[in-house]
Every structure is written in structure tokens, then in C-alpha cells.
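Novice: Dropping a structure here in C-alpha cells format, bear with me for questions.
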Amino acid sequence: MSPTCRILAIETSCDETSAAVVENGTVVRSNVVSSQVQVHRQYGGVVPEIASRKHVESITWIIEEALRQAGVGRSELSAVAVTQGPGLVGSLIVGLVAAKTVAAALDIPLIGVHHIAGHIYANRLVRELEYPLVALVVSGGHTELVHVPEPGVFRILGQTRDDAAGEAFDKVARALGLPYPGGPHIDRLAAEADVPVPLPRYWLESATYVFRSRGLKSAVLALINQAKMKGDVVNRAGVARGFQEAVIEVLVGKTLRAARETGARQVVLAGGVAANRGLRERLAAGCREEGFPLVVPPAEYCTDNAAMIAAAAYLKWEKKSFSPLDIKAEPVMKLEAW
Ligand SMILES: Nc1ncnc2c1ncn2[C@@H]1O[C@H](COP(=O)(O)OP(=O)(O)OP(=O)(O)O)[C@@H](O)[C@H]1O
Ligand SMILES: [Mg+2]
């Protein structure tokens, strides 16, 4: 039996500072996440300069806490993995400097990881993956359908032309007077509505895997403004449910078509919006009807965390595909070439 591979992973691409220790790409020994959301909430979104500064303040104790919770000594680490991109450049640099320092001090390999590869491989923490698979990635910065023909190989089938799903949830939430980040609040409100307020479906180029969300967002804003002008009370729960259902129907429809067309043996869900209960239920129902096994990570592995970065890094560990110590933060990074 090969010796245990223990990867220390670091994630600082946006506003979560996280470190984790994961064994053999699947066994999470620790996954410490410190969210800055309380700090950014007053601005209604992430302020990059503040985010980097907060990462600098937390990164050392987060790494120490991850090692402590895992009960793993420094000498027992096999490699250190880090999110190289995409993300906020100042935030990424903090994680990279920390990871390079650990790699150099302990003389262990450094593994640079694509953030979205991490979101997709969060699913490996749940179950063995079967290929080819189709991943629906829905997060704060991405709406993407990804074909994964074999481990660690990514082909983007289609993506959003404007706002990502998470961004759309956050903007609509803001219009409804809900706090940032709005996704979880829309999710909660939608569940309270008996009937959805009808809203259009944006099947942009329905034969493609292209997404677009601004039309739907504008329709929601128009509805809210009309109600306000007439002095009517906005049916917030109904709007939340109508918006959520309109988003979900398009996401699920295109995902199922991608699964059929690529002969997928599994469908996996990834990214912060994957925590949405409506999306999980509808995708599960669609996959059940069409016979595609579905893998969905638990909520704590959907939003940014370092355990998912370790899970993706393990693929590179197996291939001995290590990164030199002079890798740079890549705010824009291609998933295919990760
Ligand atoms: N239950 C939910 N329903 C809908 N959206 C949600 C839910 N929970 C979280 N979100 C949304 O998920 C997003 C955050 O996800 P994530 O942390 O993966 O994004 P990110 O890391 O900022 O972006 P990216 O991964 O693209 O760089 C936010 O927009 C948030 O509103
Ligand atoms: Mg993310």
C-alpha cells in the first residue's frame, strides 16, 4: 500500500481565508474557514483591498488551526496546495506567499490549483467520481457547464455571457432589500411563497450552453419598481420564488441536455449557488427521471473552502505535476490549462 498523502491546502481567492488538511484526496482531517462576510456586508459586496488585508491578518493562525485540528505535524505533510486563480489578485497573492513559504521551509512540493477545479472536485470528497461527467458550476463569479471526460481534464461547454448565477442572486436580493450575500436569503424566502410571481425564462440560444441573466434581473427590477410606484406592497417571497425558479429551470434544462449529449455517467453540482435547495431538488428530480446519478456536495463544501482545493490538488500529486516556487497569482486563469 502506498504511504498516506497528506496535503495542506490554502484558499484565499475571494473573501474566505481557508486552510485544510486532506488525506489521499478524500479524507478531510480539517477544513478551517474564516469568512469576511460581516466586514464586506456594510459595502454590499467584496472590497478587494479590505479582503487582502484581512487575509494577511488571518492566514497564519488559520494554517496553524488546520494543522492542530487535523492532529498532523508539519513533518507529516506531503505537499502544500494553493489556489493560483482565478480570483482577486491581492487575495490570491496572500495565499500563494504563505504556500510557497511552507513549501520552501518544509522542502515539500507546491501544487497550484484552479479555483473552479476545486469547486468541481469538492464532489470527490463525497463520492467516487465516474467519467465522463458533466459539472454544473454556479458560483459568485461563474456559471459554467463543464464536460470532464477523464480525471482532471476539463472542457467548457458553455458559460454566462453576463452575470454569474451567484451575482444575479445577490443583485436581486439587494433589490428586495435583503442583506449581502443574498443567495441564502432568496433561497429561504422562496421556500415561504405559496406561488411564484411569473417571470420569463431566458433560454438564450436554446440549442447552445450559453447563459445570460441580466434580462431576468431587469424583469425583476421592473416588477419591484412598478409595485412601488403603484404604492403596492412587493410580494417579496413570490418574487424570490419566481426568480429562483426561472434561474433553475434554465440551469437544469441545459445541464440535462449536456449530460445526454456527452453520454455522462454522472452529473455533479459545484459552487456556492449549489447550496440552493430549490436547485438541488430540481436537478435531483431531473437526473432521477433521466437516469443520471447526481453528486451534490454538502453546503460547507459548496462555498469557498480549502478542502476542495486539496481534493483537486491530489490529481496533480498523483501525476507528480508540481508547481515551481515562482508561480504567480492568475486573476484570470483558463480551466482547460490548469
Ligand atoms: N442557498 C443559496 N442559494 C443561492 N445562492 C447562494 C446560496 N448560498 C450561497 N449562494 C451564493 O453563492 C455565491 C458565493 O459562492 P462562492 O463562494 O462559490 O463564490 P465565489 O468564490 O465568490 O465565486 P467563484 O467561485 O466564481 O470565484 C454568492 O453569490 C451567494 O449568494
Ligand atoms: Mg468560489
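Ligands are numbered from 1 in the order shown, residues from 1 within each chain, and chains are lettered A, B, ... in the order they appear in the C-alpha cells.
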Stretch 239-306 of chain A: which residues are alpha helix (DSSP H) by DSSP, as number ranges by chain?

Specialist: A: 239-262, 277-290, 299-302, 306

Novice: List all protein, DNA and RNA residues that have any atom at most 9 Å from ligand 2, counting only C-alpha atoms and all ligand atoms, and write the list as a ChimeraX atom specification.

Specialist: /A:13-14,87,115-116,118-119,138-142,271-272,302-305

Novice: Got a sec: who's within 12 Å of A:Tyr202, counting only C-alpha atoms, leaving out chain neighbours fewer than 4 positions off, as a PyMOL selection string?

Specialist: chain A and resi 160+206+209-219+243+245-251+253-254

Novice: Go through A:Gln266, A:Gln244, A:Ser321, A:Asn31 one by one, measure the shortest atom-to-atom distance of each to A:Pro184 using only C-alpha atoms, and give the residue with the smallest value.

Specialist: A:Gln244

Novice: Determine, counting only C-alpha atoms, which protein, DNA and RNA residues have an atom within 8 Å of an atom of stretch 307-316 of chain A; residues of the same chain fewer than 2 positions away are not included. Present the result as a VMD selection string.

Specialist: chain A and resid 7 to 11 19 to 22 24 to 26 28 30 to 31 81 to 83 111 to 113 115 117 to 122 124 to 125 151 to 152 301 305 318 to 322

Novice: Can I get the selection written as a CSV table (one decimal), in the first residue's frame, with N, CA and C atoms?

Specialist:
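Output (out-v3.csv):
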```csv
chain,number,residue,atom,x,y,z
A,7,ILE,N,-2.1,16.4,2.2
A,7,ILE,CA,-2.0,17.7,1.6
A,7,ILE,C,-2.5,18.8,2.5
A,8,LEU,N,-1.7,19.9,2.7
A,8,LEU,CA,-2.2,21.1,3.3
A,8,LEU,C,-2.6,22.0,2.2
A,9,ALA,N,-3.8,22.4,2.2
A,9,ALA,CA,-4.3,23.3,1.1
A,9,ALA,C,-4.7,24.7,1.7
A,10,ILE,N,-4.5,25.7,0.8
A,10,ILE,CA,-4.8,27.1,1.2
A,10,ILE,C,-5.7,27.7,0.1
A,11,GLU,N,-6.7,28.4,0.6
A,11,GLU,CA,-7.6,29.1,-0.4
A,11,GLU,C,-7.9,30.5,0.1
A,19,ALA,N,-7.9,27.0,5.3
A,19,ALA,CA,-6.8,26.0,5.2
A,19,ALA,C,-7.4,24.7,5.6
A,20,ALA,N,-6.8,23.6,5.0
A,20,ALA,CA,-7.4,22.3,5.2
A,20,ALA,C,-6.2,21.3,5.1
A,21,VAL,N,-6.4,20.2,5.8
A,21,VAL,CA,-5.5,19.0,5.7
A,21,VAL,C,-6.4,17.9,5.2
A,22,VAL,N,-6.0,17.3,4.0
A,22,VAL,CA,-6.8,16.2,3.4
A,22,VAL,C,-5.9,15.1,3.0
A,24,ASN,N,-5.1,11.6,1.0
A,24,ASN,CA,-5.3,10.9,-0.2
A,24,ASN,C,-6.5,11.5,-1.1
A,25,GLY,N,-6.6,12.8,-1.0
A,25,GLY,CA,-7.6,13.5,-1.8
A,25,GLY,C,-9.0,13.3,-1.4
A,26,THR,N,-9.3,12.6,-0.3
A,26,THR,CA,-10.7,12.3,0.0
A,26,THR,C,-11.0,12.4,1.5
A,28,VAL,N,-11.1,14.3,4.8
A,28,VAL,CA,-10.8,15.6,5.3
A,28,VAL,C,-10.5,15.5,6.8
A,30,SER,N,-9.1,18.2,8.4
A,30,SER,CA,-9.6,19.5,9.0
A,30,SER,C,-9.9,20.4,7.8
A,31,ASN,N,-10.8,21.4,8.0
A,31,ASN,CA,-11.2,22.4,7.0
A,31,ASN,C,-11.6,23.6,7.7
A,81,ALA,N,-0.9,22.7,-1.2
A,81,ALA,CA,-1.6,23.2,-2.4
A,81,ALA,C,-2.2,24.5,-2.2
A,82,VAL,N,-2.4,25.3,-3.3
A,82,VAL,CA,-2.9,26.7,-3.1
A,82,VAL,C,-3.7,27.1,-4.4
A,83,THR,N,-4.7,27.9,-4.1
A,83,THR,CA,-5.5,28.4,-5.3
A,83,THR,C,-4.6,29.5,-6.0
A,111,ILE,N,1.7,22.8,-5.1
A,111,ILE,CA,0.8,22.5,-6.2
A,111,ILE,C,-0.2,23.6,-6.4
A,112,GLY,N,-0.1,24.3,-7.5
A,112,GLY,CA,-1.1,25.4,-7.8
A,112,GLY,C,-2.4,24.8,-8.4
A,113,VAL,N,-3.5,25.3,-7.9
A,113,VAL,CA,-4.8,24.7,-8.3
A,113,VAL,C,-5.7,25.8,-8.8
A,115,HIS,N,-9.2,27.5,-9.1
A,115,HIS,CA,-10.3,27.5,-8.1
A,115,HIS,C,-11.6,26.7,-8.5
A,117,ALA,N,-11.6,24.1,-10.6
A,117,ALA,CA,-11.3,22.7,-10.5
A,117,ALA,C,-11.6,22.3,-9.0
A,118,GLY,N,-11.2,23.1,-8.1
A,118,GLY,CA,-11.5,22.9,-6.7
A,118,GLY,C,-13.0,22.7,-6.4
A,119,HIS,N,-13.8,23.7,-6.9
A,119,HIS,CA,-15.3,23.6,-6.7
A,119,HIS,C,-15.8,22.2,-7.3
A,120,ILE,N,-15.3,21.9,-8.5
A,120,ILE,CA,-15.8,20.6,-9.1
A,120,ILE,C,-15.4,19.4,-8.3
A,121,TYR,N,-14.1,19.4,-7.8
A,121,TYR,CA,-13.6,18.2,-7.1
A,121,TYR,C,-14.0,18.2,-5.6
A,122,ALA,N,-14.8,19.2,-5.2
A,122,ALA,CA,-15.4,19.2,-3.9
A,122,ALA,C,-16.3,17.9,-3.8
A,124,ARG,N,-15.6,15.0,-5.0
A,124,ARG,CA,-14.7,13.9,-4.8
A,124,ARG,C,-14.7,13.6,-3.3
A,125,LEU,N,-15.0,14.6,-2.5
A,125,LEU,CA,-15.0,14.5,-1.0
A,125,LEU,C,-16.2,13.7,-0.6
A,151,PRO,N,-10.3,12.1,-15.3
A,151,PRO,CA,-9.9,12.9,-14.1
A,151,PRO,C,-9.0,14.1,-14.5
A,152,GLY,N,-9.4,15.3,-14.0
A,152,GLY,CA,-8.6,16.4,-14.2
A,152,GLY,C,-8.5,17.1,-15.6
A,301,TYR,N,-19.0,22.4,1.6
A,301,TYR,CA,-18.0,22.2,0.6
A,301,TYR,C,-18.4,23.0,-0.7
A,305,ASN,N,-13.7,26.9,0.2
A,305,ASN,CA,-13.1,26.2,1.3
A,305,ASN,C,-11.8,25.6,0.7
A,318,GLU,N,-0.8,12.8,-7.9
A,318,GLU,CA,-0.7,11.5,-8.5
A,318,GLU,C,0.1,11.5,-9.7
A,319,LYS,N,0.1,12.6,-10.5
A,319,LYS,CA,0.8,12.7,-11.7
A,319,LYS,C,2.2,13.4,-11.5
A,320,LYS,N,2.5,13.7,-10.2
A,320,LYS,CA,3.7,14.4,-9.9
A,320,LYS,C,3.8,15.7,-10.7
A,321,SER,N,2.7,16.4,-10.9
A,321,SER,CA,2.6,17.6,-11.6
A,321,SER,C,2.7,18.8,-10.6
A,322,PHE,N,4.0,19.1,-10.2
A,322,PHE,CA,4.2,20.1,-9.2
A,322,PHE,C,4.5,21.5,-9.8
```

Novice: Find the residues around A:Glu144 up to 6 Å (only C-alpha atoms counted), leave out those fewer than 2 positions away in its own chain, and share them as a PyMOL selection string.

Specialist: chain A and resi 137+158-159

Novice: Of the residues A:Ser323, A:Asn276, A:Gln69, A:Ser18, which is the one nearest to A:Ala103, using only C-alpha atoms?

Specialist: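 Looking only at the distances to A:Ala103, the closest residue turns out to be A:Ser323.
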